[in-house]
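K.L.:
I am attaching a structure below and will ask some questions about it afterwards.
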Amino acid sequence: MKVLAIGLEPVDLITAAGGTLALYAKRGDEVNAVLVRTSDLTEEDFARASATFGDLGVTLQPAAVVPAIRDERGSRDSIMDTIRRISPEVIIGPSDNSIRPAERDLARLVFGAAYCSCVPNYPSPGGVEASPIRPVILHTDPTLGFRSGTPEYVDIEHGWKEKQTAIGRYPNAEKHLAEAEALAGARGVQVQCERAEAFGQEPVWGRLRPTRVLP
């Protein structure tokens with residue numbers, strides 16, 4: 001299975017979903033990550049982000065650069081081309097119920113980009129052909145709670161070490177690790193395991209699937 005994680009900052013995406021991404025990679029799935037930016041990453045930042053995702057077994061793709069993190073066609077189409085190139089079956093990204101405005105904006109962009117990525121006659125800025133797969137969109141744990149449905153949980157105990165290592169590369173690592181521990185511990189209590197991550201599925205075009213898409 002192909003998985004694509006989309007976020008704004010590496011440490012935030014890894015705090016929300018790093019354990020799950022590591023588990024995908026461990027079971028042999030192809031896992032990619034893309035950082036959506038208003039400008040290119042410096043070589044140093046890209047190298048550190050690549051190493052960080054590498055700790056999880058995730059390949060960092062070149063950043064999708066958009067004019068602004070808001071719901072407009074140019075921004076959406078930039079992300080759409082990235083989705084078309086990778087053609088994932090599952091997209092993990094921020095929730096439109098996040099407390100952070102930029103994450104809410106990105107969630108709307110990802111939804112629109114994922115939809116357009118599968119429309120054969122929708123023009124691509126880079127000339128990339130439409131994807132044959134309409135991916136499932138999973139939202140990471142939002143501060144304000146999931147809008148609809150019951151979240152799905154992933155026991156991340158066997159991906160926790162990789163997640164710790166990845167977060168440890170960043171400045172203020174102790175603060176980020178404490179946040180990750182608190183969130184994973186709270187979600188773990190809800191499903192009676194040591195640590196867990198939670199995801200909500202975008203309900204608009206979901207198909208009934210006989211198998212779970214999360215590890």
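Simple scheme: letters A, B, ... for chains in structure tokens order, numbers from 1 for residues in each chain, numbers from 1 for ligands in the order shown.
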Could you give me the residues within chain A that DSSP places in helix (DSSP H, G or I), as a VMD selection string?

P.N.:
chain A and resid 10 to 26 43 to 55 73 to 86 101 to 116 157 to 167 173 to 191

K.L.:
Could you go through chain A and tell me which residues DSSP, when run on the backbone, assigns to strand (DSSP E or B), listing them as a ChimeraX atom specification?

P.N.:
/A:2-7,30-37,59-60,64-65,90-93,136-140,152-155,196-201

K.L.:
Of the residues A:Phe46, A:Phe146, A:Phe199, A:Phe53, which is the one nearest to Ile14 in chain A, using only C-alpha atoms?

P.N.:
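When distances to Ile14 in chain A are compared using only C-alpha atoms, the smallest one comes from A:Phe53.
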
K.L.:
Between CA of Pro215 in chain A and CA of Ala113 in chain A, what is the spacing in Å?

P.N.:
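Distance reported for this atom pair: 24.6 Å.
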
K.L.:
So which residues touch Ser124 in chain A within 12 Å, counting only C-alpha atoms, skipping near sequence neighbours fewer than 5 positions away, as a VMD selection string?

P.N.:
chain A and resid 73 to 74 76 to 85 113 116 to 119 129 to 131

K.L.:
Let's have the selection written as a compact mmCIF listing (two decimals), in the first residue's frame, with all heavy atoms.

P.N.:
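This is the output file out_33.txt:
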```
# COMPACT_ATOMS: atom_id res chain seq x y z
N ARG A 73 -6.99 28.00 -6.04
CA ARG A 73 -6.72 27.01 -7.07
C ARG A 73 -5.22 26.73 -7.26
O ARG A 73 -4.81 25.58 -7.37
CB ARG A 73 -7.32 27.45 -8.40
CG ARG A 73 -7.07 26.44 -9.51
CD ARG A 73 -7.97 26.65 -10.69
NE ARG A 73 -7.69 25.67 -11.73
CZ ARG A 73 -8.50 25.40 -12.73
NH1 ARG A 73 -9.64 26.04 -12.84
NH2 ARG A 73 -8.18 24.48 -13.63
N GLY A 74 -4.39 27.78 -7.29
CA GLY A 74 -2.97 27.56 -7.50
C GLY A 74 -2.35 26.70 -6.41
O GLY A 74 -1.54 25.81 -6.67
N ARG A 76 -3.99 24.60 -4.39
CA ARG A 76 -4.58 23.26 -4.47
C ARG A 76 -3.93 22.44 -5.58
O ARG A 76 -3.61 21.26 -5.41
CB ARG A 76 -6.09 23.39 -4.72
CG ARG A 76 -6.82 22.05 -4.75
CD ARG A 76 -8.24 22.25 -5.24
NE ARG A 76 -8.25 22.67 -6.64
CZ ARG A 76 -9.17 23.48 -7.17
NH1 ARG A 76 -10.12 23.99 -6.41
NH2 ARG A 76 -9.11 23.79 -8.45
N ASP A 77 -3.71 23.07 -6.74
CA ASP A 77 -3.16 22.33 -7.87
C ASP A 77 -1.71 21.91 -7.64
O ASP A 77 -1.26 20.87 -8.14
CB ASP A 77 -3.26 23.16 -9.14
CG ASP A 77 -4.71 23.29 -9.63
OD1 ASP A 77 -5.60 22.68 -8.99
OD2 ASP A 77 -4.94 24.01 -10.62
N SER A 78 -0.95 22.71 -6.88
CA SER A 78 0.41 22.33 -6.55
C SER A 78 0.42 21.04 -5.73
O SER A 78 1.21 20.12 -5.99
CB SER A 78 1.09 23.46 -5.76
OG SER A 78 2.37 23.06 -5.32
N ILE A 79 -0.47 20.95 -4.76
CA ILE A 79 -0.57 19.74 -3.94
C ILE A 79 -1.15 18.60 -4.77
O ILE A 79 -0.73 17.44 -4.64
CB ILE A 79 -1.42 20.01 -2.69
CG1 ILE A 79 -0.76 21.10 -1.83
CG2 ILE A 79 -1.61 18.74 -1.87
CD1 ILE A 79 -1.62 21.58 -0.69
N MET A 80 -2.10 18.91 -5.64
CA MET A 80 -2.70 17.89 -6.50
C MET A 80 -1.65 17.16 -7.34
O MET A 80 -1.67 15.93 -7.44
CB MET A 80 -3.74 18.51 -7.42
CG MET A 80 -4.39 17.51 -8.38
SD MET A 80 -5.28 18.29 -9.74
CE MET A 80 -3.88 18.88 -10.75
N ASP A 81 -0.74 17.91 -7.93
CA ASP A 81 0.30 17.28 -8.75
C ASP A 81 1.17 16.34 -7.92
O ASP A 81 1.58 15.28 -8.39
CB ASP A 81 1.16 18.34 -9.43
CG ASP A 81 0.63 18.71 -10.81
OD1 ASP A 81 -0.49 18.27 -11.16
OD2 ASP A 81 1.32 19.45 -11.54
N THR A 82 1.45 16.74 -6.68
CA THR A 82 2.23 15.87 -5.79
C THR A 82 1.47 14.57 -5.53
O THR A 82 2.04 13.47 -5.56
CB THR A 82 2.52 16.59 -4.46
OG1 THR A 82 3.31 17.75 -4.72
CG2 THR A 82 3.25 15.68 -3.50
N ILE A 83 0.17 14.69 -5.27
CA ILE A 83 -0.65 13.50 -5.03
C ILE A 83 -0.70 12.62 -6.28
O ILE A 83 -0.59 11.39 -6.20
CB ILE A 83 -2.07 13.91 -4.58
CG1 ILE A 83 -2.01 14.60 -3.21
CG2 ILE A 83 -2.99 12.70 -4.52
CD1 ILE A 83 -3.32 15.21 -2.76
N ARG A 84 -0.84 13.24 -7.44
CA ARG A 84 -0.88 12.46 -8.68
C ARG A 84 0.43 11.70 -8.91
O ARG A 84 0.42 10.55 -9.35
CB ARG A 84 -1.17 13.38 -9.87
CG ARG A 84 -2.63 13.82 -9.97
CD ARG A 84 -2.88 14.66 -11.22
NE ARG A 84 -4.30 14.88 -11.42
CZ ARG A 84 -4.83 15.43 -12.50
NH1 ARG A 84 -4.03 15.82 -13.49
NH2 ARG A 84 -6.13 15.60 -12.61
N ARG A 85 1.55 12.33 -8.62
CA ARG A 85 2.84 11.67 -8.84
C ARG A 85 3.01 10.46 -7.93
O ARG A 85 3.53 9.43 -8.35
CB ARG A 85 3.99 12.66 -8.63
CG ARG A 85 4.25 13.58 -9.81
CD ARG A 85 5.56 14.31 -9.65
NE ARG A 85 5.52 15.27 -8.55
CZ ARG A 85 5.17 16.54 -8.67
NH1 ARG A 85 4.82 17.03 -9.84
NH2 ARG A 85 5.18 17.34 -7.62
N ALA A 113 -7.44 18.91 -3.35
CA ALA A 113 -6.38 18.36 -4.20
C ALA A 113 -6.57 16.86 -4.42
O ALA A 113 -6.36 16.35 -5.54
CB ALA A 113 -5.02 18.62 -3.56
N CYS A 116 -9.46 16.40 -6.95
CA CYS A 116 -9.07 16.77 -8.32
C CYS A 116 -8.02 15.82 -8.90
O CYS A 116 -7.94 15.65 -10.11
CB CYS A 116 -8.53 18.20 -8.34
SG CYS A 116 -9.79 19.45 -7.97
N SER A 117 -7.23 15.21 -8.03
CA SER A 117 -6.16 14.33 -8.52
C SER A 117 -6.70 13.13 -9.29
O SER A 117 -5.99 12.51 -10.07
CB SER A 117 -5.30 13.84 -7.35
OG SER A 117 -6.01 12.91 -6.54
N CYS A 118 -7.98 12.79 -9.07
CA CYS A 118 -8.56 11.61 -9.70
C CYS A 118 -9.47 11.96 -10.89
O CYS A 118 -10.07 11.06 -11.48
CB CYS A 118 -9.38 10.83 -8.68
SG CYS A 118 -8.49 10.43 -7.19
N VAL A 119 -9.59 13.24 -11.20
CA VAL A 119 -10.47 13.65 -12.29
C VAL A 119 -9.67 13.70 -13.59
O VAL A 119 -8.80 14.57 -13.74
CB VAL A 119 -11.10 15.03 -11.99
CG1 VAL A 119 -12.01 15.46 -13.13
CG2 VAL A 119 -11.88 14.98 -10.67
N GLU A 129 -0.51 12.98 -15.18
CA GLU A 129 -1.77 12.31 -15.45
C GLU A 129 -2.54 12.06 -14.16
O GLU A 129 -1.96 11.89 -13.08
CB GLU A 129 -1.53 10.99 -16.17
CG GLU A 129 -1.02 11.14 -17.59
CD GLU A 129 -0.94 9.80 -18.31
OE1 GLU A 129 -1.36 8.78 -17.71
OE2 GLU A 129 -0.46 9.79 -19.45
N ALA A 130 -3.85 12.01 -14.29
CA ALA A 130 -4.71 11.77 -13.13
C ALA A 130 -4.41 10.42 -12.51
O ALA A 130 -4.06 9.46 -13.19
CB ALA A 130 -6.18 11.85 -13.54
N SER A 131 -4.56 10.35 -11.20
CA SER A 131 -4.35 9.10 -10.47
C SER A 131 -5.57 8.20 -10.65
O SER A 131 -6.70 8.68 -10.66
CB SER A 131 -4.13 9.40 -8.99
OG SER A 131 -4.14 8.21 -8.23
```

K.L.:
So the first atom is CA of Tyr122 in chain A and the second is CA of Leu8 in chain A; what is the distance between them in Å, to one decimal place?

P.N.:
25.7 Å

K.L.:
What gap, in Å, lies between CA of Glu202 in chain A and CA of Pro101 in chain A?

P.N.:
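These atoms are spaced 18.4 Å apart.
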
K.L.:
Just checking: using only C-alpha atoms, which residue out of A:Leu4, A:Ala184, A:Val136, A:Val90 ends up closest to Val31 in chain A?

P.N.:
A:Leu4

K.L.:
Restricting the calculation to only C-alpha atoms, which member of A:Gly188, A:Pro94, A:Pro10, A:Pro125 is positioned closest to Val154 in chain A?

P.N.:
A:Gly188

K.L.:
So that I can check the surroundings of Pro203 in chain A, please list as a PyMOL selection string every protein, DNA and RNA residue that reaches within 10 Å of it, counting only C-alpha atoms and ignoring chain neighbours fewer than 5 positions away.

P.N.:
chain A and resi 136-138+148-149

K.L.:
For Asp105 in chain A, find every residue with an atom within 10 Å (counting only C-alpha atoms), except residues of its own chain fewer than 2 positions away, and show them as a compact mmCIF listing (two decimals) with all heavy atoms, in the first residue's frame.

P.N.:
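Final file, out23.txt:
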```txt
# COMPACT_ATOMS: atom_id res chain seq x y z
N ALA A 68 0.32 30.51 -0.88
CA ALA A 68 -0.10 30.75 0.50
C ALA A 68 -0.87 29.53 0.95
O ALA A 68 -1.46 28.82 0.14
CB ALA A 68 -0.97 32.00 0.60
N ILE A 69 -0.86 29.28 2.24
CA ILE A 69 -1.59 28.12 2.75
C ILE A 69 -3.05 28.51 2.91
O ILE A 69 -3.55 28.78 4.00
CB ILE A 69 -1.00 27.63 4.09
CG1 ILE A 69 0.49 27.44 3.96
CG2 ILE A 69 -1.67 26.33 4.53
CD1 ILE A 69 0.93 26.40 2.96
N ARG A 70 -3.74 28.58 1.80
CA ARG A 70 -5.17 28.87 1.85
C ARG A 70 -5.83 28.19 0.65
O ARG A 70 -5.16 27.75 -0.27
CB ARG A 70 -5.44 30.37 1.85
CG ARG A 70 -4.92 31.12 0.65
CD ARG A 70 -5.31 32.60 0.75
NE ARG A 70 -4.85 33.34 -0.41
CZ ARG A 70 -3.69 33.95 -0.51
NH1 ARG A 70 -2.84 33.90 0.50
NH2 ARG A 70 -3.36 34.63 -1.60
N ASP A 71 -7.14 28.13 0.70
CA ASP A 71 -7.87 27.36 -0.29
C ASP A 71 -8.05 28.16 -1.58
O ASP A 71 -9.05 28.84 -1.77
CB ASP A 71 -9.23 26.96 0.28
CG ASP A 71 -9.87 25.84 -0.52
OD1 ASP A 71 -9.27 25.43 -1.52
OD2 ASP A 71 -10.95 25.40 -0.14
N GLU A 72 -7.07 28.10 -2.44
CA GLU A 72 -7.17 28.74 -3.74
C GLU A 72 -6.64 27.77 -4.79
O GLU A 72 -5.90 26.84 -4.48
CB GLU A 72 -6.40 30.05 -3.78
CG GLU A 72 -4.92 29.89 -3.53
CD GLU A 72 -4.18 31.23 -3.64
OE1 GLU A 72 -4.78 32.25 -3.29
OE2 GLU A 72 -3.04 31.21 -4.08
N PRO A 94 -3.57 17.08 8.31
CA PRO A 94 -4.17 17.76 9.45
C PRO A 94 -5.69 17.83 9.34
O PRO A 94 -6.27 17.68 8.26
CB PRO A 94 -3.55 19.16 9.40
CG PRO A 94 -3.20 19.35 7.97
CD PRO A 94 -2.80 18.00 7.46
N SER A 95 -6.32 18.08 10.47
CA SER A 95 -7.78 18.15 10.53
C SER A 95 -8.27 19.57 10.27
O SER A 95 -7.62 20.55 10.64
CB SER A 95 -8.25 17.69 11.92
OG SER A 95 -9.62 17.97 12.09
N ASP A 96 -9.45 19.66 9.68
CA ASP A 96 -10.05 20.98 9.49
C ASP A 96 -10.69 21.48 10.79
O ASP A 96 -11.32 22.53 10.82
CB ASP A 96 -11.08 20.97 8.36
CG ASP A 96 -12.28 20.07 8.65
OD1 ASP A 96 -12.29 19.38 9.68
OD2 ASP A 96 -13.21 20.07 7.82
N ASN A 97 -10.50 20.72 11.86
CA ASN A 97 -10.95 21.15 13.18
C ASN A 97 -9.76 21.43 14.11
O ASN A 97 -9.89 21.44 15.32
CB ASN A 97 -11.86 20.09 13.82
CG ASN A 97 -12.78 20.68 14.86
OD1 ASN A 97 -13.21 21.82 14.75
ND2 ASN A 97 -13.12 19.90 15.88
N SER A 98 -8.60 21.65 13.50
CA SER A 98 -7.41 22.00 14.29
C SER A 98 -7.56 23.39 14.89
O SER A 98 -8.25 24.26 14.34
CB SER A 98 -6.17 21.97 13.38
OG SER A 98 -5.06 22.52 14.05
N ARG A 100 -5.17 25.39 14.93
CA ARG A 100 -4.26 26.22 14.15
C ARG A 100 -4.88 26.57 12.80
O ARG A 100 -5.19 25.67 12.01
CB ARG A 100 -2.93 25.50 13.93
CG ARG A 100 -2.23 25.15 15.23
CD ARG A 100 -1.01 24.32 14.97
NE ARG A 100 -0.30 23.96 16.20
CZ ARG A 100 0.75 23.18 16.25
NH1 ARG A 100 1.26 22.68 15.14
NH2 ARG A 100 1.32 22.90 17.40
N PRO A 101 -5.04 27.85 12.48
CA PRO A 101 -5.65 28.23 11.21
C PRO A 101 -4.93 27.65 10.00
O PRO A 101 -5.58 27.22 9.03
CB PRO A 101 -5.57 29.76 11.22
CG PRO A 101 -5.54 30.13 12.67
CD PRO A 101 -4.76 29.03 13.33
N ALA A 102 -3.59 27.63 10.01
CA ALA A 102 -2.84 27.12 8.86
C ALA A 102 -3.13 25.64 8.63
O ALA A 102 -3.19 25.19 7.47
CB ALA A 102 -1.34 27.35 9.04
N GLU A 103 -3.32 24.87 9.69
CA GLU A 103 -3.64 23.46 9.53
C GLU A 103 -5.06 23.27 9.00
O GLU A 103 -5.31 22.38 8.19
CB GLU A 103 -3.46 22.71 10.86
CG GLU A 103 -2.00 22.55 11.26
CD GLU A 103 -1.81 21.61 12.43
OE1 GLU A 103 -2.80 21.37 13.18
OE2 GLU A 103 -0.69 21.12 12.61
N ALA A 107 -5.91 21.41 5.51
CA ALA A 107 -6.87 20.30 5.44
C ALA A 107 -7.84 20.51 4.28
O ALA A 107 -8.15 19.57 3.54
CB ALA A 107 -7.64 20.18 6.75
N ARG A 108 -8.30 21.74 4.09
CA ARG A 108 -9.21 22.02 2.97
C ARG A 108 -8.49 21.86 1.63
O ARG A 108 -9.06 21.36 0.66
CB ARG A 108 -9.81 23.41 3.12
CG ARG A 108 -10.81 23.52 4.27
CD ARG A 108 -11.57 24.82 4.21
NE ARG A 108 -10.72 25.97 4.53
CZ ARG A 108 -10.53 26.44 5.76
NH1 ARG A 108 -11.11 25.84 6.78
NH2 ARG A 108 -9.77 27.49 5.97
N LEU A 109 -7.24 22.31 1.59
CA LEU A 109 -6.46 22.16 0.36
C LEU A 109 -6.26 20.69 0.01
O LEU A 109 -6.38 20.29 -1.16
CB LEU A 109 -5.10 22.83 0.52
CG LEU A 109 -5.02 24.34 0.33
CD1 LEU A 109 -3.60 24.82 0.62
CD2 LEU A 109 -5.43 24.74 -1.07
N VAL A 110 -5.93 19.89 1.00
CA VAL A 110 -5.68 18.46 0.76
C VAL A 110 -6.96 17.78 0.25
O VAL A 110 -6.91 16.97 -0.68
CB VAL A 110 -5.17 17.77 2.04
CG1 VAL A 110 -5.18 16.25 1.89
CG2 VAL A 110 -3.77 18.25 2.37
```

K.L.:
List as a PDB file with N, CA, C and O atoms, in the first residue's frame the protein and nucleic acid residues near Ala17 in chain A, meaning an atom at most 10 Å away when only C-alpha atoms are counted, but skip any in the same chain fewer than 6 places from it.

P.N.:
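This went into around.pdb:
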```pdb
ATOM      1  N   ALA A   5       1.900  11.170   3.849  1.00  0.00           N
ATOM      2  CA  ALA A   5       1.651  12.069   4.976  1.00  0.00           C
ATOM      3  C   ALA A   5       1.936  13.496   4.518  1.00  0.00           C
ATOM      4  O   ALA A   5       2.968  13.764   3.914  1.00  0.00           O
ATOM      5  N   VAL A  11       8.092  18.256  12.777  1.00  0.00           N
ATOM      6  CA  VAL A  11       7.922  17.823  14.164  1.00  0.00           C
ATOM      7  C   VAL A  11       6.442  17.718  14.525  1.00  0.00           C
ATOM      8  O   VAL A  11       6.035  16.837  15.288  1.00  0.00           O
ATOM      9  N   ILE A  92      -2.580  10.964   4.987  1.00  0.00           N
ATOM     10  CA  ILE A  92      -2.697  11.402   6.378  1.00  0.00           C
ATOM     11  C   ILE A  92      -2.334  12.877   6.426  1.00  0.00           C
ATOM     12  O   ILE A  92      -1.247  13.271   5.984  1.00  0.00           O
ATOM     13  N   GLY A  93      -3.233  13.686   6.929  1.00  0.00           N
ATOM     14  CA  GLY A  93      -2.984  15.124   6.984  1.00  0.00           C
ATOM     15  C   GLY A  93      -3.712  15.767   8.146  1.00  0.00           C
ATOM     16  O   GLY A  93      -4.425  15.090   8.897  1.00  0.00           O
ATOM     17  N   PRO A  94      -3.567  17.078   8.309  1.00  0.00           N
ATOM     18  CA  PRO A  94      -4.174  17.758   9.455  1.00  0.00           C
ATOM     19  C   PRO A  94      -5.690  17.828   9.338  1.00  0.00           C
ATOM     20  O   PRO A  94      -6.266  17.684   8.256  1.00  0.00           O
ATOM     21  N   HIS A 139      -7.518  12.208   9.036  1.00  0.00           N
ATOM     22  CA  HIS A 139      -7.095  13.415   9.732  1.00  0.00           C
ATOM     23  C   HIS A 139      -6.355  13.062  11.015  1.00  0.00           C
ATOM     24  O   HIS A 139      -6.787  12.181  11.767  1.00  0.00           O
ATOM     25  N   THR A 140      -5.253  13.757  11.264  1.00  0.00           N
ATOM     26  CA  THR A 140      -4.543  13.561  12.522  1.00  0.00           C
ATOM     27  C   THR A 140      -5.328  14.170  13.674  1.00  0.00           C
ATOM     28  O   THR A 140      -6.259  14.946  13.477  1.00  0.00           O
ATOM     29  N   ASP A 141      -4.920  13.816  14.860  1.00  0.00           N
ATOM     30  CA  ASP A 141      -5.629  14.183  16.090  1.00  0.00           C
ATOM     31  C   ASP A 141      -5.715  15.706  16.249  1.00  0.00           C
ATOM     32  O   ASP A 141      -4.707  16.371  16.445  1.00  0.00           O
ATOM     33  N   VAL A 154      -4.483   3.621  16.719  1.00  0.00           N
ATOM     34  CA  VAL A 154      -3.361   2.744  16.385  1.00  0.00           C
ATOM     35  C   VAL A 154      -2.481   2.604  17.624  1.00  0.00           C
ATOM     36  O   VAL A 154      -2.023   3.615  18.178  1.00  0.00           O
ATOM     37  N   ILE A 156       0.786   2.310  19.090  1.00  0.00           N
ATOM     38  CA  ILE A 156       2.081   2.668  18.497  1.00  0.00           C
ATOM     39  C   ILE A 156       3.272   2.213  19.335  1.00  0.00           C
ATOM     40  O   ILE A 156       4.390   2.697  19.134  1.00  0.00           O
ATOM     41  N   LYS A 163       9.674   7.040  16.737  1.00  0.00           N
ATOM     42  CA  LYS A 163       9.063   8.361  16.888  1.00  0.00           C
ATOM     43  C   LYS A 163       9.894   9.238  17.828  1.00  0.00           C
ATOM     44  O   LYS A 163      10.141  10.414  17.543  1.00  0.00           O
ATOM     45  N   ALA A 180       4.289  14.801  22.857  1.00  0.00           N
ATOM     46  CA  ALA A 180       3.979  13.546  22.180  1.00  0.00           C
ATOM     47  C   ALA A 180       3.624  12.454  23.183  1.00  0.00           C
ATOM     48  O   ALA A 180       2.688  11.667  22.965  1.00  0.00           O
ATOM     49  N   ALA A 184      -0.025  10.677  23.242  1.00  0.00           N
ATOM     50  CA  ALA A 184      -0.074   9.242  23.001  1.00  0.00           C
ATOM     51  C   ALA A 184      -0.576   8.490  24.232  1.00  0.00           C
ATOM     52  O   ALA A 184      -1.311   7.509  24.118  1.00  0.00           O
ATOM     53  N   ALA A 196      -1.059   5.392  22.005  1.00  0.00           N
ATOM     54  CA  ALA A 196      -1.816   5.251  20.760  1.00  0.00           C
ATOM     55  C   ALA A 196      -1.875   6.590  20.032  1.00  0.00           C
ATOM     56  O   ALA A 196      -1.610   7.651  20.608  1.00  0.00           O
ATOM     57  N   GLU A 197      -2.190   6.528  18.746  1.00  0.00           N
ATOM     58  CA  GLU A 197      -2.497   7.704  17.943  1.00  0.00           C
ATOM     59  C   GLU A 197      -3.912   7.538  17.400  1.00  0.00           C
ATOM     60  O   GLU A 197      -4.374   6.412  17.191  1.00  0.00           O
ATOM     61  N   ALA A 198      -4.591   8.658  17.191  1.00  0.00           N
ATOM     62  CA  ALA A 198      -5.990   8.620  16.757  1.00  0.00           C
ATOM     63  C   ALA A 198      -6.151   9.353  15.430  1.00  0.00           C
ATOM     64  O   ALA A 198      -5.482  10.358  15.178  1.00  0.00           O
ATOM     65  N   PHE A 199      -7.073   8.850  14.610  1.00  0.00           N
ATOM     66  CA  PHE A 199      -7.319   9.425  13.293  1.00  0.00           C
ATOM     67  C   PHE A 199      -8.819   9.437  13.006  1.00  0.00           C
ATOM     68  O   PHE A 199      -9.540   8.512  13.388  1.00  0.00           O
TER      69      PHE A 199
END
```
